[in-house]
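Asks: Next up is a structure, given as structure tokens.
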Protein chains: 2
Amino acid sequence: MNAEIIAVGSEMLTPERVDTNSLYLTGELNNLGVEVVAKCVVGDHRDRLAGAVRQALARSQIVILSGGLGPTEDDVTREAVAQALGRHLVFCPEIADALERRFAQAQRKMAEVNKRQAFIIEGADVLPNDRGTAPGQWLEESGSVAMLLPGPPHELKSMFERQCLPRLKCLAPQQAIRTVILRVAGMPESDLDQLISPVYKKYLNPVTTILAANGEIQVHLRARCATEAEAGALLAEVAAPIELLLGDRLYSRNGDALEVVVGHLLRDRRATVSVAESCTGGMLGERFTSVPGSSDYFVGGFIAYANAMKVELLGVPPKVLEQHGAVSKETAEAMAAGARRRTGSTYALAVTGVAGPDGGSESKPVGSVYIAIADDAGAHTEHRRFLGDRQRIRLFTVQMALDLLRRRIAYSRPA
Amino acid sequence: MNAEIIAVGSEMLTPERVDTNSLYLTGELNNLGVEVVAKCVVGDHRDRLAGAVRQALARSQIVILSGGLGPTEDDVTREAVAQALGRHLVFCPEIADALERRFAQAQRKMAEVNKRQAFIIEGADVLPNDRGTAPGQWLEESGSVAMLLPGPPHELKSMFERQCLPRLKCLAPQQAIRTVILRVAGMPESDLDQLISPVYKKYLNPVTTILAANGEIQVHLRARCATEAEAGALLAEVAAPIELLLGDRLYSRNGDALEVVVGHLLRDRRATVSVAESCTGGMLGERFTSVPGSSDYFVGGFIAYANAMKVELLGVPPKVLEQHGAVSKETAEAMAAGARRRTGSTYALAVTGVAGPDGGSESKPVGSVYIAIADDAGAHTEHRRFLGDRQRIRLFTVQMALDLLRRRIAYSRPA
């Protein structure tokens, strides 16, 4: 069973506003086993909205409209849906009376224009609004249903929960939807897809989605079955061979972010970490400390942005900087060793590189980074060249530094 | 002239993700005098997407698609648009070669699946992608245009700005739309609105929008006139009294971010800054160093997350920590003094606070922060209690620290 959501309102077609009602509605529909296959925003324009409603009803069994039920001329949802279905609008005196009572209660006189809210599409059920003046409507049309809900989120949520959910539960087939999120580091999207597509392509259920952002990839497996148990078993069947193929590049099976996974590893081993950052300028520390309770394992660090600071704060020998340059394996390792020595942490991560857009050279182009990790067993450095702008290079660098630490702890070997 | 935007990707039909590219695109289209009349999100489903494209092209002269241009099987935008227009896909060897070169540059082998990105719809112009692998496409069809743009925002923005805007300018009717963006720190949105609404409410043109996020507010004034000169004059007329009312809370008239404004002030005075961060864990350093060329004035800093680190890295006297606690004016000032002493910077900013969700007490509740600034003239501290979650408290703290430095430099007085 599929659904579509139509948000009505010209204000959501400006550069400043997004529709958020659809996120709530999507979550509730998914819980019923109903998938949202499309959603759209249409301005306060009757013909255009009528067209969108016709198309949605032709494709999907459930169509939810939000907004455009107010009393003013630019509230066109009632008229547009009536037009789309070729039905009349009928004045409903009971609604008008209820509105009038509501205004009287607030000791205000009802403006004439509010009577627009008492018009109901022929054959519709009225959905009472316990949070505002605009009543909703529930319609059935050749096997599909359409709901007209008010735009304000608290009115919409209350009406959907009380009036729509019980009706939808009778319509929707009993179904369970479960999702597994696998998170992967240190792998380009295309390589990952080549690796795991032979597995997931064999299945239409679960549906597999691959999302890439800032040096990490998420693989979403979403199973739709008659029962929770079946969905769980199906997910296990598909996830197992994918996990095997991903090996140690898979860092999370429950959606946890990399900094959370690394935090668990450190806490489990009662280990601590410090950082020495040049081109990332504090971004690595920020990631560590974005996790509540990170003070258990993150002790602190150094932002050694200027060369002189690498010497003074971290004790990098000036000779190393002279001979190898600030962006080098040797400097990265000296920074990591210095951070570890000065903080007494179990592990230290150091980052030095050219984030650009200026400062690149032939031998050290923009995007060159050295990431060093130091512990009792010594130091290890990875060199990469990341492409993209300053922000992207820094994000990829931080992601890789966290992953280097994860591997070092989890596998106790050079990554 | 009307436009529609279609965001492609099943991940944006989940309860967790919204499409944000359409906000950027709407802003740019509005600047050209083009209105967005509808937007939608369609999943990775070829037939459904083809249907949406056909409908949009029938209604609007400009249709922009974002996403679904990646190399994997679930990237269906190319195929769907070809299907909607009844055109073939053509393999373009030059694109394949360019992709291969890009991978070689990054010292990686290109996966076979990436060749999917070298297919172009018959008759389309290729839009080069300078930030990623997926090229875009520009199509004309019976008087309308369609653009296929990549989903990652930084790729989409760069391509739209460089490739699409110049072409759209030739199509769109000549209109001058000019915007002034005033950026304000240290003021709640409702106070600001109360202050300036008597001015802006007198005008329907320019349109005024107030946006608040993370401790700063932007006031957008958007004028639409026949000529640039008229728009400029109108904006000047409305902005002048608003600027007067905002006074020193206004930090930027050209849209520059606070860290950029502060960078200019430091550079102009040949001054430098260092940081000592506790609860922000590197976020302040990250903001400073997000600006290209910030090495001119940002020397480095300390992430003194653990108490012991405040003593060892910054020389905070243990007695200060004992008597006043880590979250106190005295500790913040000792941290700032230590950072300045150890780096030799002109200014030092120090931050200590309770970011939560745990660690609060009656006298130091979650959200309490002390922000100290030190220079030749001595130290000055501000105390605030920010509401919200860990991320919000940290963002507000960093914003306020930057603003403290701005006032200290610009007005040479305690903020």
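Ligands are numbered from 1 in the order shown, residues from 1 within each chain, and chains are lettered A, B, ... in the order they appear in the structure tokens.
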I'd like the neighbourhood of range 75-77 of chain A as a ChimeraX atom specification, where a residue qualifies if any of its atoms comes within 12 Å (using only C-alpha atoms), though same-chain residues fewer than 2 positions away should be ignored.

Replies: /A:6-10,42-53,64-73,79-84,89,113-114,116-117,119-121,134,136-137,146-151

Asks: Extract, using only C-alpha atoms, all DNA, RNA and protein residues at most 6 Å from range 176-191 of chain B, discarding same-chain residues fewer than 6 positions from it, and format them as a PDB file with C-alpha atoms, in the first residue's frame.

Replies:
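Final output, selection37.pdb:
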```
ATOM      1  CA  ASN B  31      16.628  36.407  -7.919  1.00  0.00           C
ATOM      2  CA  GLU B 216      22.534  34.858  14.981  1.00  0.00           C
ATOM      3  CA  ILE B 217      19.814  36.501  12.946  1.00  0.00           C
ATOM      4  CA  GLN B 218      19.745  37.473   9.323  1.00  0.00           C
ATOM      5  CA  VAL B 219      17.466  40.178   7.976  1.00  0.00           C
ATOM      6  CA  HIS B 220      16.894  39.761   4.245  1.00  0.00           C
ATOM      7  CA  LEU B 221      15.543  42.738   2.300  1.00  0.00           C
ATOM      8  CA  ARG B 222      14.625  41.792  -1.254  1.00  0.00           C
ATOM      9  CA  ALA B 223      13.683  44.487  -3.746  1.00  0.00           C
ATOM     10  CA  ARG B 224      12.230  43.791  -7.183  1.00  0.00           C
ATOM     11  CA  CYS B 225      12.349  46.743  -9.581  1.00  0.00           C
ATOM     12  CA  ALA B 226      12.652  47.546 -13.259  1.00  0.00           C
ATOM     13  CA  THR B 227      16.322  48.531 -12.972  1.00  0.00           C
ATOM     14  CA  GLU B 228      19.313  47.810 -10.752  1.00  0.00           C
ATOM     15  CA  ARG B 249      24.654  44.455  16.993  1.00  0.00           C
ATOM     16  CA  LEU B 250      24.815  44.603  13.201  1.00  0.00           C
ATOM     17  CA  TYR B 251      28.073  42.953  12.204  1.00  0.00           C
ATOM     18  CA  SER B 252      27.728  42.464   8.465  1.00  0.00           C
ATOM     19  CA  ARG B 253      25.946  44.269   5.628  1.00  0.00           C
ATOM     20  CA  ASN B 254      27.180  42.040   2.811  1.00  0.00           C
ATOM     21  CA  GLY B 255      26.253  38.594   4.089  1.00  0.00           C
TER      22      GLY B 255
END
```

Asks: Each residue of chain A with at least one atom at most 6 Å from chain B should appear once, together with its nearest atom pair and the corresponding distance in Å (one decimal); atoms considered: only C-alpha atoms; ordering: chain, then increasing residue number; output as a tab-separated table.

Replies:
```
residue	atom	partner	partner_atom	distance
A:Pro15	CA	B:Leu23	CA	4.3
A:Leu23	CA	B:Pro15	CA	4.4
A:Thr26	CA	B:Pro15	CA	5.3
A:Gly27	CA	B:Pro15	CA	5.0
A:Ala38	CA	B:Val42	CA	4.7
A:Lys39	CA	B:Val41	CA	5.3
A:Cys40	CA	B:Cys40	CA	3.9
A:Val41	CA	B:Lys39	CA	5.3
A:Val42	CA	B:Ala38	CA	4.7
A:Gly281	CA	B:Glu286	CA	4.9
A:Gly282	CA	B:Gly282	CA	3.9
A:Met283	CA	B:Glu286	CA	5.1
A:Gly285	CA	B:Gly282	CA	5.0
A:Glu286	CA	B:Gly282	CA	4.7
A:Thr289	CA	B:Gly281	CA	5.6
A:Val299	CA	B:Ala306	CA	5.0
A:Gly300	CA	B:Ile303	CA	4.7
A:Gly301	CA	B:Ile303	CA	4.6
A:Phe302	CA	B:Phe302	CA	4.6
A:Ile303	CA	B:Gly301	CA	4.6
A:Ala304	CA	B:Gly300	CA	4.9
A:Tyr305	CA	B:Gly300	CA	4.9
A:Ala306	CA	B:Val299	CA	5.0
A:Gly388	CA	B:Arg131	CA	5.6
```

Asks: After a least-squares superposition of chain A on chain B over all Cα atoms matched in order, what is the RMSD to one decimal?

Replies: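 It is 7.3 Å.
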
Asks: Using only C-alpha atoms, determine which residues lie at most 6 Å from Val273 in chain A, disregarding the query and same-chain residues fewer than 4 positions distant; provide the list as a VMD selection string.

Replies: chain A and resid 298 345 to 348

Asks: Enumerate the residues of range 14-165 of chain A with a DSSP assignment of alpha helix (DSSP H), computed from the backbone, and present them as an MDAnalysis selection string.

Replies: chainID A and resid 21:31 46:59 77:85 93:105 153:159 165

Asks: Env of Gln399 in chain B: 8 Å cut, atoms = only C-alpha atoms, seq-sep filter 2 positions within chain, self excluded. Answer as a compact mmCIF listing (two decimals) with N, CA and C atoms, in the first residue's frame.

Replies:
```txt
# COMPACT_ATOMS: atom_id res chain seq x y z
N ALA B 185 24.19 39.75 15.71
CA ALA B 185 24.51 38.79 16.76
C ALA B 185 23.98 39.27 18.10
N ASN B 214 21.15 29.42 15.39
CA ASN B 214 22.41 29.26 16.11
C ASN B 214 23.00 30.56 16.64
N GLY B 215 22.16 31.38 17.25
CA GLY B 215 22.67 32.55 17.92
C GLY B 215 22.89 33.75 17.03
N GLU B 216 22.44 33.67 15.81
CA GLU B 216 22.53 34.86 14.98
C GLU B 216 21.26 35.01 14.17
N LEU B 258 30.25 35.73 10.63
CA LEU B 258 30.94 36.38 11.74
C LEU B 258 32.43 36.07 11.76
N LEU B 395 26.96 25.68 19.77
CA LEU B 395 26.90 26.62 18.65
C LEU B 395 26.69 28.06 19.14
N PHE B 396 25.78 28.23 20.10
CA PHE B 396 25.54 29.57 20.65
C PHE B 396 26.78 30.11 21.35
N THR B 397 27.50 29.23 22.04
CA THR B 397 28.70 29.64 22.76
C THR B 397 29.77 30.14 21.79
N ALA B 401 31.35 33.86 21.49
CA ALA B 401 32.80 34.09 21.64
C ALA B 401 33.32 34.92 20.48
N LEU B 402 32.89 34.58 19.27
CA LEU B 402 33.34 35.35 18.10
C LEU B 402 32.85 36.79 18.19
N ASP B 403 31.62 36.97 18.66
CA ASP B 403 31.07 38.32 18.75
C ASP B 403 31.78 39.14 19.83
```

Asks: As a ChimeraX atom specification, which residues of range 89-333 of chain A does DSSP assign to strand (DSSP E)?

Replies: /A:89-91,119-121,125-127,136-141,144-149,176-185,207-213,216-225,250-252,273-277,298-304

Asks: Please provide the set of residues having any atom within 9 Å of Arg384 in chain B, restricted to only C-alpha atoms, with same-chain residues fewer than 6 positions apart removed, written as number ranges by chain.

Replies: B: 367-371, 397

Asks: Quick one: residues within 10 Å of Ala337 in chain B, only C-alpha atoms, excluding same-chain residues fewer than 5 positions away - as a PDB file with C-alpha atoms, in the first residue's frame?

Replies:
```
ATOM      1  CA  ALA B 276      41.349  27.694  24.869  1.00  0.00           C
ATOM      2  CA  LEU B 314      47.140  26.235  30.063  1.00  0.00           C
ATOM      3  CA  GLY B 315      48.690  26.686  33.492  1.00  0.00           C
ATOM      4  CA  VAL B 316      45.360  27.264  35.245  1.00  0.00           C
ATOM      5  CA  THR B 331      38.881  29.504  35.337  1.00  0.00           C
ATOM      6  CA  ALA B 332      37.807  31.053  32.020  1.00  0.00           C
ATOM      7  CA  ARG B 342      51.798  30.169  25.634  1.00  0.00           C
ATOM      8  CA  TYR B 347      44.000  38.116  21.827  1.00  0.00           C
ATOM      9  CA  ALA B 348      42.925  34.863  23.425  1.00  0.00           C
ATOM     10  CA  LEU B 349      39.384  33.516  23.772  1.00  0.00           C
ATOM     11  CA  ALA B 350      38.549  30.904  26.389  1.00  0.00           C
ATOM     12  CA  ALA B 372      36.660  35.086  28.534  1.00  0.00           C
ATOM     13  CA  ILE B 373      38.682  37.350  26.297  1.00  0.00           C
ATOM     14  CA  ALA B 374      42.219  38.425  27.171  1.00  0.00           C
ATOM     15  CA  ASP B 375      44.492  41.010  25.623  1.00  0.00           C
ATOM     16  CA  GLY B 378      43.481  42.543  30.685  1.00  0.00           C
ATOM     17  CA  ALA B 379      40.643  40.046  30.724  1.00  0.00           C
TER      18      ALA B 379
END
```

Asks: Select, from A:Pro318, A:Gly263, A:Pro241, A:Pro128, the residue with the minimum atom-to-atom distance to Leu156 in chain A, counting only C-alpha atoms.

Replies: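 The answer is A:Pro128, which sits nearest to Leu156 in chain A.
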
Asks: Any idea what the distance is between CA of Ile62 in chain B and CA of Val145 in chain B?

Replies: 5.1 Å

Asks: Using only C-alpha atoms, pick whichever of B:Arg385, B:Ala334, B:Arg340, B:Glu259 has the shortest atom-to-atom distance to Leu405 in chain B.

Replies: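 Going through B:Arg385, B:Ala334, B:Arg340, B:Glu259 one by one, the smallest distance to Leu405 in chain B is for B:Glu259.
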